[in-house]
Amino acid sequence: MASAPQVTLGLSGASADDVIAVARHEAQISISTQVLEELASVRAHIDALASADTPVYGISTGFGALATRHIAPEDRAKLQRSLIRSHAAGMGEPVEREVVRALMFLRAKTLASGRTGVRPVVLETMVALLNAGITPVVREYGSLGCSGDLAPLSHCALVLMGEGEATDRHGVQRPVPELLAEAGIAPVELAEKEGLALVNGTDGMLGQLLMALADLEELADIADATAAMSVEAQMGTAQVFRPELHEPLRPHPGQGRSAANMYAFLAESPIVNSHREGDGRVQDAYSLRCSPQVTGAVRDTIAHARLVATRELAAAIDNPVVLPSGEVTSNGNFHGAPVAYVLDFLAIAVADLGSIAERRTDRMLDPARSRDLPAFLADDPGVDSGMMIAQYTQAGLVAENKRLAVPASVDSIPSSAMQEDHVSLGWHAARKLRTSVANLRRILAIEMLIASRALDLRAPLQPGAATGAVLELLRTKVAGPGEDRFLSAELEAAYELLASGQVHRVLEEHLPA
């Protein structure tokens, strides 16, 4: 059995791959000696400020709209506890374990920067929770994406204090004191500055963005493959995907990549070659011919979002922040607008990618447009309904993704007595994008399933090597054409092949260099 991956937190931060490794693959985290030394040095400066007579925001004052009150030293530990308890105000269903692990690791990454002023023990405790597989229960609603993801991060900070709700490595919710004791973790009594440092960040929305990007980069390749399968199934041409028709004429990198993929997937396809001559059609429908233009635009949107995510990964977001000079100063870097925008951009792209896939699917089921395929790919049309209702399911998913494409980031609801009078709603943009991505995976699974049946019905003609490999994989889980049978289980089996990464692994050897 392979050992869990390892990630080291250093002063230079973390990578997107590190986040995925911790969130999804249980990577164990270590902290570099340089980080612990830097944290101790910066903390000594914070302790000196805390002892001074001059109030410093976040260290010896209240928070937000209550920042004008100077807090006496004997009340500051209570101030930190009160901050976390009051801000852990989420409601609704728990969010996914991988989301919580991502946001905790990203907060740990910022704590490790030395710009937040926490003691080493705070970072060490958060890392210990992650390594022990203890996951705070974070509720669906509570973050406005300004002052960061306050409520989600507060639910996590509460567990560091030995309070709140959490699950063990197996997803079983158990009392937090019991979980900490079992793992040998002592609860932390937060000192000055540490409460704010634990909750002021864009970590929840950023973590979800990074995981969506990882998923969408894979799904873009799969969309090229299902589109190629649909081209074959509908006796379309591969000539429109030739490289000279793309980057030299319209230099969008994503379009060029998708066209190259489809051209490679269809190379030497016996089905495509069978009608290279004597075919009376001049052009294929847009949903076939323009697939690289649409999937390519999705790729370019992914690339822009990846640039934003990379910049945000390099950030050390807290308020107040400790500058290298030692100055502790307020700022607005916790505002989630940069991340919220690209989360919304991606939801728009995802909705359109699902829409064109559904149009390709529908053509295969309509005998007026499918080029001699039986109605709904049924074994005995009229007695059998074939794939008719699978397209209904696909259309319902497409319709939902169109609703989810309405941007969250154009909205704002003022909070904190108008102190926080403009918010990003980036958490909401992230939550709906996760749903959109899952829906897209189902949409493409349905196209794959229906195109595979259509390809079987083209026998004795055979698909190309790449599309044939996808068909062969699917047939290990789902039988070929025949009379009607329980369809939901087959749709779920196709979805699981995509979700598990098996389809993408099959495609990788056919992707052009």
# chains A, B, ... in the order shown; residues from 1 in each chain; ligands from 1
>>> residues_around(residues="stretch 293-295 of chain A", least_positions_apart="5", cutoff="10 Å", atoms="only C-alpha atoms", output="PDB file with N, CA and C atoms, in the first residue's frame")
ATOM      1  N   LEU A 219     -12.055  17.528 -17.025  1.00  0.00           N
ATOM      2  CA  LEU A 219     -13.323  17.454 -17.748  1.00  0.00           C
ATOM      3  C   LEU A 219     -13.239  18.093 -19.135  1.00  0.00           C
ATOM      4  N   ALA A 220     -12.350  19.050 -19.323  1.00  0.00           N
ATOM      5  CA  ALA A 220     -12.188  19.634 -20.657  1.00  0.00           C
ATOM      6  C   ALA A 220     -11.674  18.581 -21.634  1.00  0.00           C
ATOM      7  N   ASP A 221     -10.723  17.757 -21.196  1.00  0.00           N
ATOM      8  CA  ASP A 221     -10.252  16.666 -22.049  1.00  0.00           C
ATOM      9  C   ASP A 221     -11.377  15.668 -22.323  1.00  0.00           C
ATOM     10  N   ALA A 223     -14.573  16.284 -22.320  1.00  0.00           N
ATOM     11  CA  ALA A 223     -15.536  16.906 -23.233  1.00  0.00           C
ATOM     12  C   ALA A 223     -15.058  16.806 -24.681  1.00  0.00           C
ATOM     13  N   ASP A 224     -13.743  16.951 -24.907  1.00  0.00           N
ATOM     14  CA  ASP A 224     -13.215  16.757 -26.261  1.00  0.00           C
ATOM     15  C   ASP A 224     -13.453  15.326 -26.733  1.00  0.00           C
ATOM     16  N   ALA A 227     -17.232  14.709 -27.371  1.00  0.00           N
ATOM     17  CA  ALA A 227     -17.574  15.395 -28.622  1.00  0.00           C
ATOM     18  C   ALA A 227     -17.085  14.592 -29.821  1.00  0.00           C
ATOM     19  N   HIS A 246      -7.050  26.560 -36.926  1.00  0.00           N
ATOM     20  CA  HIS A 246      -7.269  27.046 -35.564  1.00  0.00           C
ATOM     21  C   HIS A 246      -6.236  28.106 -35.173  1.00  0.00           C
ATOM     22  N   ARG A 250      -7.091  31.828 -35.718  1.00  0.00           N
ATOM     23  CA  ARG A 250      -7.764  32.387 -34.534  1.00  0.00           C
ATOM     24  C   ARG A 250      -6.980  31.942 -33.306  1.00  0.00           C
ATOM     25  N   HIS A 252      -6.574  31.560 -30.195  1.00  0.00           N
ATOM     26  CA  HIS A 252      -6.961  31.299 -28.811  1.00  0.00           C
ATOM     27  C   HIS A 252      -6.335  29.966 -28.400  1.00  0.00           C
ATOM     28  N   GLY A 254      -6.798  27.832 -25.993  1.00  0.00           N
ATOM     29  CA  GLY A 254      -7.711  26.762 -25.615  1.00  0.00           C
ATOM     30  C   GLY A 254      -8.365  26.107 -26.818  1.00  0.00           C
ATOM     31  N   GLN A 255      -8.770  26.917 -27.782  1.00  0.00           N
ATOM     32  CA  GLN A 255      -9.373  26.378 -29.002  1.00  0.00           C
ATOM     33  C   GLN A 255      -8.384  25.479 -29.736  1.00  0.00           C
ATOM     34  N   GLY A 256      -7.149  25.938 -29.852  1.00  0.00           N
ATOM     35  CA  GLY A 256      -6.144  25.129 -30.527  1.00  0.00           C
ATOM     36  C   GLY A 256      -5.933  23.796 -29.828  1.00  0.00           C
ATOM     37  N   ARG A 257      -5.932  23.820 -28.497  1.00  0.00           N
ATOM     38  CA  ARG A 257      -5.729  22.579 -27.735  1.00  0.00           C
ATOM     39  C   ARG A 257      -6.899  21.625 -27.938  1.00  0.00           C
ATOM     40  N   SER A 258      -8.131  22.115 -27.861  1.00  0.00           N
ATOM     41  CA  SER A 258      -9.293  21.235 -28.016  1.00  0.00           C
ATOM     42  C   SER A 258      -9.382  20.680 -29.437  1.00  0.00           C
ATOM     43  N   ALA A 259      -9.099  21.515 -30.424  1.00  0.00           N
ATOM     44  CA  ALA A 259      -9.115  21.034 -31.805  1.00  0.00           C
ATOM     45  C   ALA A 259      -8.065  19.948 -32.011  1.00  0.00           C
ATOM     46  N   TYR A 286     -23.478  23.041 -35.795  1.00  0.00           N
ATOM     47  CA  TYR A 286     -22.583  23.806 -34.920  1.00  0.00           C
ATOM     48  C   TYR A 286     -22.143  23.008 -33.693  1.00  0.00           C
ATOM     49  N   SER A 287     -23.058  22.234 -33.107  1.00  0.00           N
ATOM     50  CA  SER A 287     -22.715  21.528 -31.869  1.00  0.00           C
ATOM     51  C   SER A 287     -21.588  20.527 -32.091  1.00  0.00           C
ATOM     52  N   ASP A 300      -9.650  28.514 -21.839  1.00  0.00           N
ATOM     53  CA  ASP A 300      -9.043  29.827 -21.631  1.00  0.00           C
ATOM     54  C   ASP A 300      -9.573  30.492 -20.360  1.00  0.00           C
ATOM     55  N   THR A 301     -10.832  30.244 -20.037  1.00  0.00           N
ATOM     56  CA  THR A 301     -11.379  30.748 -18.773  1.00  0.00           C
ATOM     57  C   THR A 301     -10.710  30.060 -17.596  1.00  0.00           C
ATOM     58  N   ALA A 349     -18.934  29.391 -17.964  1.00  0.00           N
ATOM     59  CA  ALA A 349     -18.299  28.508 -18.938  1.00  0.00           C
ATOM     60  C   ALA A 349     -18.791  27.075 -18.794  1.00  0.00           C
ATOM     61  N   VAL A 350     -18.931  26.611 -17.559  1.00  0.00           N
ATOM     62  CA  VAL A 350     -19.413  25.252 -17.304  1.00  0.00           C
ATOM     63  C   VAL A 350     -20.829  25.064 -17.846  1.00  0.00           C
ATOM     64  N   ASP A 352     -22.239  26.590 -20.342  1.00  0.00           N
ATOM     65  CA  ASP A 352     -22.256  26.537 -21.807  1.00  0.00           C
ATOM     66  C   ASP A 352     -21.665  25.231 -22.325  1.00  0.00           C
ATOM     67  N   LEU A 353     -20.640  24.723 -21.661  1.00  0.00           N
ATOM     68  CA  LEU A 353     -20.053  23.454 -22.078  1.00  0.00           C
ATOM     69  C   LEU A 353     -21.073  22.320 -21.948  1.00  0.00           C
ATOM     70  N   GLY A 354     -21.842  22.323 -20.860  1.00  0.00           N
ATOM     71  CA  GLY A 354     -22.895  21.325 -20.712  1.00  0.00           C
ATOM     72  C   GLY A 354     -23.977  21.486 -21.758  1.00  0.00           C
ATOM     73  N   ILE A 356     -23.752  22.623 -24.923  1.00  0.00           N
ATOM     74  CA  ILE A 356     -23.404  22.116 -26.253  1.00  0.00           C
ATOM     75  C   ILE A 356     -23.340  20.591 -26.245  1.00  0.00           C
ATOM     76  N   ALA A 357     -22.929  20.000 -25.108  1.00  0.00           N
ATOM     77  CA  ALA A 357     -22.913  18.537 -25.015  1.00  0.00           C
ATOM     78  C   ALA A 357     -24.326  17.972 -25.120  1.00  0.00           C
TER      79      ALA A 357
END
>>> residues_around(residues="stretch 11-16 of chain A", least_positions_apart="2", cutoff="8 Å", atoms="only C-alpha atoms", output="PDB file with all heavy atoms, in the first residue's frame")
ATOM      1  N   LEU A   9       5.242  22.754   5.038  1.00  0.00           N
ATOM      2  CA  LEU A   9       4.917  24.178   5.065  1.00  0.00           C
ATOM      3  C   LEU A   9       6.195  24.967   5.316  1.00  0.00           C
ATOM      4  O   LEU A   9       6.831  24.820   6.362  1.00  0.00           O
ATOM      5  CB  LEU A   9       3.903  24.474   6.173  1.00  0.00           C
ATOM      6  CG  LEU A   9       2.427  24.285   5.848  1.00  0.00           C
ATOM      7  CD1 LEU A   9       1.586  24.526   7.096  1.00  0.00           C
ATOM      8  CD2 LEU A   9       1.987  25.207   4.731  1.00  0.00           C
ATOM      9  N   ASP A  18      -0.194  20.996  -3.539  1.00  0.00           N
ATOM     10  CA  ASP A  18      -0.174  20.750  -2.098  1.00  0.00           C
ATOM     11  C   ASP A  18      -1.591  20.778  -1.523  1.00  0.00           C
ATOM     12  O   ASP A  18      -1.965  19.931  -0.702  1.00  0.00           O
ATOM     13  CB  ASP A  18       0.669  21.804  -1.378  1.00  0.00           C
ATOM     14  CG  ASP A  18       2.149  21.698  -1.666  1.00  0.00           C
ATOM     15  OD1 ASP A  18       2.608  20.609  -2.058  1.00  0.00           O
ATOM     16  OD2 ASP A  18       2.851  22.721  -1.507  1.00  0.00           O
ATOM     17  N   VAL A  19      -2.376  21.750  -1.953  1.00  0.00           N
ATOM     18  CA  VAL A  19      -3.749  21.881  -1.458  1.00  0.00           C
ATOM     19  C   VAL A  19      -4.560  20.646  -1.823  1.00  0.00           C
ATOM     20  O   VAL A  19      -5.273  20.079  -0.980  1.00  0.00           O
ATOM     21  CB  VAL A  19      -4.413  23.156  -2.009  1.00  0.00           C
ATOM     22  CG1 VAL A  19      -5.867  23.242  -1.550  1.00  0.00           C
ATOM     23  CG2 VAL A  19      -3.651  24.398  -1.554  1.00  0.00           C
ATOM     24  N   ILE A  20      -4.453  20.200  -3.073  1.00  0.00           N
ATOM     25  CA  ILE A  20      -5.194  19.015  -3.512  1.00  0.00           C
ATOM     26  C   ILE A  20      -4.730  17.782  -2.739  1.00  0.00           C
ATOM     27  O   ILE A  20      -5.538  16.941  -2.336  1.00  0.00           O
ATOM     28  CB  ILE A  20      -5.019  18.796  -5.031  1.00  0.00           C
ATOM     29  CG1 ILE A  20      -5.549  20.006  -5.817  1.00  0.00           C
ATOM     30  CG2 ILE A  20      -5.715  17.519  -5.475  1.00  0.00           C
ATOM     31  CD1 ILE A  20      -7.011  20.286  -5.655  1.00  0.00           C
ATOM     32  N   GLN A  34      12.366  26.857   9.886  1.00  0.00           N
ATOM     33  CA  GLN A  34      12.404  28.293   9.596  1.00  0.00           C
ATOM     34  C   GLN A  34      11.058  28.954   9.898  1.00  0.00           C
ATOM     35  O   GLN A  34      11.017  30.093  10.403  1.00  0.00           O
ATOM     36  CB  GLN A  34      12.775  28.522   8.127  1.00  0.00           C
ATOM     37  CG  GLN A  34      14.203  28.151   7.774  1.00  0.00           C
ATOM     38  CD  GLN A  34      14.366  26.668   7.476  1.00  0.00           C
ATOM     39  OE1 GLN A  34      13.410  25.900   7.580  1.00  0.00           O
ATOM     40  NE2 GLN A  34      15.577  26.276   7.114  1.00  0.00           N
ATOM     41  N   VAL A  35       9.983  28.254   9.614  1.00  0.00           N
ATOM     42  CA  VAL A  35       8.659  28.801   9.906  1.00  0.00           C
ATOM     43  C   VAL A  35       8.479  28.977  11.408  1.00  0.00           C
ATOM     44  O   VAL A  35       8.032  30.033  11.884  1.00  0.00           O
ATOM     45  CB  VAL A  35       7.553  27.889   9.327  1.00  0.00           C
ATOM     46  CG1 VAL A  35       6.194  28.205   9.956  1.00  0.00           C
ATOM     47  CG2 VAL A  35       7.475  28.045   7.812  1.00  0.00           C
ATOM     48  N   LYS A 109      -1.255  27.682   5.828  1.00  0.00           N
ATOM     49  CA  LYS A 109      -0.243  28.254   4.931  1.00  0.00           C
ATOM     50  C   LYS A 109      -0.023  29.729   5.235  1.00  0.00           C
ATOM     51  O   LYS A 109       1.122  30.213   5.267  1.00  0.00           O
ATOM     52  CB  LYS A 109      -0.697  28.052   3.480  1.00  0.00           C
ATOM     53  CG  LYS A 109       0.235  28.571   2.400  1.00  0.00           C
ATOM     54  CD  LYS A 109      -0.014  30.010   1.992  1.00  0.00           C
ATOM     55  CE  LYS A 109      -1.400  30.234   1.440  1.00  0.00           C
ATOM     56  NZ  LYS A 109      -1.581  31.664   1.032  1.00  0.00           N
ATOM     57  N   THR A 110      -1.105  30.469   5.481  1.00  0.00           N
ATOM     58  CA  THR A 110      -0.962  31.896   5.792  1.00  0.00           C
ATOM     59  C   THR A 110      -0.375  32.098   7.188  1.00  0.00           C
ATOM     60  O   THR A 110       0.470  32.983   7.390  1.00  0.00           O
ATOM     61  CB  THR A 110      -2.324  32.597   5.661  1.00  0.00           C
ATOM     62  OG1 THR A 110      -2.696  32.629   4.284  1.00  0.00           O
ATOM     63  CG2 THR A 110      -2.264  34.026   6.176  1.00  0.00           C
ATOM     64  N   ALA A 112       1.738  30.256   8.524  1.00  0.00           N
ATOM     65  CA  ALA A 112       3.156  29.929   8.394  1.00  0.00           C
ATOM     66  C   ALA A 112       3.966  31.044   7.737  1.00  0.00           C
ATOM     67  O   ALA A 112       5.198  31.006   7.764  1.00  0.00           O
ATOM     68  CB  ALA A 112       3.314  28.642   7.585  1.00  0.00           C
ATOM     69  N   SER A 113       3.288  32.040   7.167  1.00  0.00           N
ATOM     70  CA  SER A 113       4.007  33.133   6.499  1.00  0.00           C
ATOM     71  C   SER A 113       4.695  34.069   7.480  1.00  0.00           C
ATOM     72  O   SER A 113       5.580  34.837   7.088  1.00  0.00           O
ATOM     73  CB  SER A 113       3.030  33.941   5.638  1.00  0.00           C
ATOM     74  OG  SER A 113       2.144  34.699   6.461  1.00  0.00           O
ATOM     75  N   GLY A 114       4.256  34.044   8.734  1.00  0.00           N
ATOM     76  CA  GLY A 114       4.806  34.968   9.715  1.00  0.00           C
ATOM     77  C   GLY A 114       4.185  36.345   9.686  1.00  0.00           C
ATOM     78  O   GLY A 114       4.572  37.228  10.444  1.00  0.00           O
ATOM     79  N   LEU A 210      -9.561  26.006  -6.329  1.00  0.00           N
ATOM     80  CA  LEU A 210      -8.463  25.131  -6.732  1.00  0.00           C
ATOM     81  C   LEU A 210      -8.958  23.727  -7.067  1.00  0.00           C
ATOM     82  O   LEU A 210      -8.501  23.101  -8.033  1.00  0.00           O
ATOM     83  CB  LEU A 210      -7.416  25.074  -5.622  1.00  0.00           C
ATOM     84  CG  LEU A 210      -6.613  26.369  -5.418  1.00  0.00           C
ATOM     85  CD1 LEU A 210      -5.818  26.307  -4.126  1.00  0.00           C
ATOM     86  CD2 LEU A 210      -5.687  26.630  -6.601  1.00  0.00           C
ATOM     87  N   THR A 310      -3.367  31.311  -8.497  1.00  0.00           N
ATOM     88  CA  THR A 310      -1.929  31.273  -8.194  1.00  0.00           C
ATOM     89  C   THR A 310      -1.500  32.522  -7.443  1.00  0.00           C
ATOM     90  O   THR A 310      -0.718  32.464  -6.480  1.00  0.00           O
ATOM     91  CB  THR A 310      -1.121  31.129  -9.495  1.00  0.00           C
ATOM     92  OG1 THR A 310      -1.510  29.917 -10.151  1.00  0.00           O
ATOM     93  CG2 THR A 310       0.369  31.079  -9.215  1.00  0.00           C
ATOM     94  N   LEU A 313      -2.839  32.242  -3.936  1.00  0.00           N
ATOM     95  CA  LEU A 313      -2.033  31.295  -3.158  1.00  0.00           C
ATOM     96  C   LEU A 313      -0.776  31.956  -2.607  1.00  0.00           C
ATOM     97  O   LEU A 313      -0.282  31.573  -1.541  1.00  0.00           O
ATOM     98  CB  LEU A 313      -1.630  30.117  -4.046  1.00  0.00           C
ATOM     99  CG  LEU A 313      -2.460  28.840  -3.972  1.00  0.00           C
ATOM    100  CD1 LEU A 313      -1.968  27.856  -5.026  1.00  0.00           C
ATOM    101  CD2 LEU A 313      -2.400  28.216  -2.590  1.00  0.00           C
ATOM    102  N   ALA A 314      -0.262  32.934  -3.332  1.00  0.00           N
ATOM    103  CA  ALA A 314       0.955  33.624  -2.896  1.00  0.00           C
ATOM    104  C   ALA A 314       0.670  34.696  -1.851  1.00  0.00           C
ATOM    105  O   ALA A 314       1.603  35.302  -1.318  1.00  0.00           O
ATOM    106  CB  ALA A 314       1.658  34.249  -4.100  1.00  0.00           C
TER     107      ALA A 314
END
>>> residues_around(residues="A:Ile443", least_positions_apart="6", cutoff="9 Å", atoms="only C-alpha atoms", output="list of chain:residue names")
A:Gly354, A:Ser355, A:Ala357, A:Glu358, A:Thr393, A:Gln394, A:Ala395, A:Leu397, A:Val398, A:Tyr495
>>> atom_distance(atom1="atom CA of A:Ala151", atom2="atom CA of A:Val199")
7.6 Å
>>> residues_around(residues="A:Met364", least_positions_apart="2", cutoff="10 Å", atoms="only C-alpha atoms", output="JSON, numbers by chain")
{"A": [230, 231, 233, 234, 359, 360, 361, 362, 366, 367, 368, 369, 370, 371, 372, 373, 374, 375, 376, 377, 387, 447, 450, 451, 453, 454]}
>>> select_by_dssp(residues="stretch 149-341 of chain A", states="alpha helix (DSSP H)", output="number ranges by chain")
A: 150-160, 176-183, 194-199, 203-233, 253-265, 270-273, 286-289, 291-313, 337-341
>>> decode(residues="stretch 411-422 of chain A", atoms="all heavy atoms", output="PDB file, in the first residue's frame")
ATOM      1  N   ASP A 411     -23.705  40.773  -6.456  1.00  0.00           N
ATOM      2  CA  ASP A 411     -24.602  41.088  -5.346  1.00  0.00           C
ATOM      3  C   ASP A 411     -23.776  41.554  -4.147  1.00  0.00           C
ATOM      4  O   ASP A 411     -22.569  41.311  -4.072  1.00  0.00           O
ATOM      5  CB  ASP A 411     -25.421  39.846  -4.977  1.00  0.00           C
ATOM      6  CG  ASP A 411     -26.604  40.158  -4.084  1.00  0.00           C
ATOM      7  OD1 ASP A 411     -26.866  41.346  -3.837  1.00  0.00           O
ATOM      8  OD2 ASP A 411     -27.263  39.201  -3.640  1.00  0.00           O
ATOM      9  N   SER A 412     -24.402  42.202  -3.208  1.00  0.00           N
ATOM     10  CA  SER A 412     -23.748  42.607  -1.975  1.00  0.00           C
ATOM     11  C   SER A 412     -24.817  42.951  -0.957  1.00  0.00           C
ATOM     12  O   SER A 412     -25.789  43.637  -1.287  1.00  0.00           O
ATOM     13  CB  SER A 412     -22.839  43.822  -2.205  1.00  0.00           C
ATOM     14  OG  SER A 412     -22.265  44.244  -0.980  1.00  0.00           O
ATOM     15  N   ILE A 413     -24.654  42.427   0.266  1.00  0.00           N
ATOM     16  CA  ILE A 413     -25.571  42.756   1.357  1.00  0.00           C
ATOM     17  C   ILE A 413     -24.733  43.311   2.505  1.00  0.00           C
ATOM     18  O   ILE A 413     -23.888  42.592   3.057  1.00  0.00           O
ATOM     19  CB  ILE A 413     -26.373  41.526   1.804  1.00  0.00           C
ATOM     20  CG1 ILE A 413     -27.251  41.015   0.650  1.00  0.00           C
ATOM     21  CG2 ILE A 413     -27.224  41.846   3.032  1.00  0.00           C
ATOM     22  CD1 ILE A 413     -28.066  39.783   0.983  1.00  0.00           C
ATOM     23  N   PRO A 414     -24.896  44.573   2.861  1.00  0.00           N
ATOM     24  CA  PRO A 414     -24.069  45.166   3.914  1.00  0.00           C
ATOM     25  C   PRO A 414     -24.241  44.448   5.248  1.00  0.00           C
ATOM     26  O   PRO A 414     -25.301  43.898   5.559  1.00  0.00           O
ATOM     27  CB  PRO A 414     -24.580  46.612   3.995  1.00  0.00           C
ATOM     28  CG  PRO A 414     -25.249  46.863   2.679  1.00  0.00           C
ATOM     29  CD  PRO A 414     -25.834  45.550   2.270  1.00  0.00           C
ATOM     30  N   SER A 415     -23.182  44.475   6.054  1.00  0.00           N
ATOM     31  CA  SER A 415     -23.201  43.799   7.354  1.00  0.00           C
ATOM     32  C   SER A 415     -22.404  44.608   8.363  1.00  0.00           C
ATOM     33  O   SER A 415     -21.792  45.627   8.035  1.00  0.00           O
ATOM     34  CB  SER A 415     -22.622  42.383   7.211  1.00  0.00           C
ATOM     35  OG  SER A 415     -21.311  42.442   6.691  1.00  0.00           O
ATOM     36  N   SER A 416     -22.412  44.136   9.614  1.00  0.00           N
ATOM     37  CA  SER A 416     -21.636  44.726  10.708  1.00  0.00           C
ATOM     38  C   SER A 416     -21.905  46.217  10.863  1.00  0.00           C
ATOM     39  O   SER A 416     -20.990  47.042  10.896  1.00  0.00           O
ATOM     40  CB  SER A 416     -20.129  44.478  10.494  1.00  0.00           C
ATOM     41  OG  SER A 416     -19.398  44.771  11.668  1.00  0.00           O
ATOM     42  N   ALA A 417     -23.204  46.534  10.985  1.00  0.00           N
ATOM     43  CA  ALA A 417     -23.622  47.922  11.220  1.00  0.00           C
ATOM     44  C   ALA A 417     -23.047  48.881  10.175  1.00  0.00           C
ATOM     45  O   ALA A 417     -22.622  49.985  10.493  1.00  0.00           O
ATOM     46  CB  ALA A 417     -23.259  48.370  12.639  1.00  0.00           C
ATOM     47  N   MET A 418     -23.009  48.385   8.908  1.00  0.00           N
ATOM     48  CA  MET A 418     -22.543  49.168   7.770  1.00  0.00           C
ATOM     49  C   MET A 418     -21.038  49.413   7.760  1.00  0.00           C
ATOM     50  O   MET A 418     -20.532  50.130   6.900  1.00  0.00           O
ATOM     51  CB  MET A 418     -23.293  50.498   7.644  1.00  0.00           C
ATOM     52  CG  MET A 418     -24.754  50.335   7.274  1.00  0.00           C
ATOM     53  SD  MET A 418     -25.014  49.548   5.660  1.00  0.00           S
ATOM     54  CE  MET A 418     -24.575  50.879   4.552  1.00  0.00           C
ATOM     55  N   GLN A 419     -20.304  48.801   8.704  1.00  0.00           N
ATOM     56  CA  GLN A 419     -18.844  48.871   8.622  1.00  0.00           C
ATOM     57  C   GLN A 419     -18.359  48.047   7.431  1.00  0.00           C
ATOM     58  O   GLN A 419     -17.485  48.466   6.673  1.00  0.00           O
ATOM     59  CB  GLN A 419     -18.214  48.344   9.923  1.00  0.00           C
ATOM     60  CG  GLN A 419     -16.700  48.241   9.909  1.00  0.00           C
ATOM     61  CD  GLN A 419     -16.007  49.589   9.954  1.00  0.00           C
ATOM     62  OE1 GLN A 419     -16.644  50.633  10.095  1.00  0.00           O
ATOM     63  NE2 GLN A 419     -14.689  49.588   9.819  1.00  0.00           N
ATOM     64  N   GLU A 420     -18.960  46.871   7.271  1.00  0.00           N
ATOM     65  CA  GLU A 420     -18.642  45.995   6.146  1.00  0.00           C
ATOM     66  C   GLU A 420     -19.759  46.168   5.116  1.00  0.00           C
ATOM     67  O   GLU A 420     -20.658  45.344   4.992  1.00  0.00           O
ATOM     68  CB  GLU A 420     -18.492  44.558   6.638  1.00  0.00           C
ATOM     69  CG  GLU A 420     -17.354  44.446   7.651  1.00  0.00           C
ATOM     70  CD  GLU A 420     -17.317  43.132   8.406  1.00  0.00           C
ATOM     71  OE1 GLU A 420     -18.094  42.214   8.057  1.00  0.00           O
ATOM     72  OE2 GLU A 420     -16.519  43.018   9.363  1.00  0.00           O
ATOM     73  N   ASP A 421     -19.696  47.283   4.403  1.00  0.00           N
ATOM     74  CA  ASP A 421     -20.834  47.705   3.581  1.00  0.00           C
ATOM     75  C   ASP A 421     -20.757  47.236   2.130  1.00  0.00           C
ATOM     76  O   ASP A 421     -21.610  47.585   1.319  1.00  0.00           O
ATOM     77  CB  ASP A 421     -21.003  49.232   3.641  1.00  0.00           C
ATOM     78  CG  ASP A 421     -19.766  49.993   3.176  1.00  0.00           C
ATOM     79  OD1 ASP A 421     -18.721  49.346   2.942  1.00  0.00           O
ATOM     80  OD2 ASP A 421     -19.848  51.222   3.062  1.00  0.00           O
ATOM     81  N   HIS A 422     -19.727  46.452   1.810  1.00  0.00           N
ATOM     82  CA  HIS A 422     -19.667  45.834   0.478  1.00  0.00           C
ATOM     83  C   HIS A 422     -18.958  44.493   0.609  1.00  0.00           C
ATOM     84  O   HIS A 422     -17.817  44.433   1.063  1.00  0.00           O
ATOM     85  CB  HIS A 422     -18.915  46.718  -0.524  1.00  0.00           C
ATOM     86  CG  HIS A 422     -18.950  46.152  -1.913  1.00  0.00           C
ATOM     87  ND1 HIS A 422     -18.034  45.226  -2.354  1.00  0.00           N
ATOM     88  CD2 HIS A 422     -19.807  46.354  -2.938  1.00  0.00           C
ATOM     89  CE1 HIS A 422     -18.315  44.887  -3.605  1.00  0.00           C
ATOM     90  NE2 HIS A 422     -19.384  45.562  -3.982  1.00  0.00           N
TER      91      HIS A 422
END
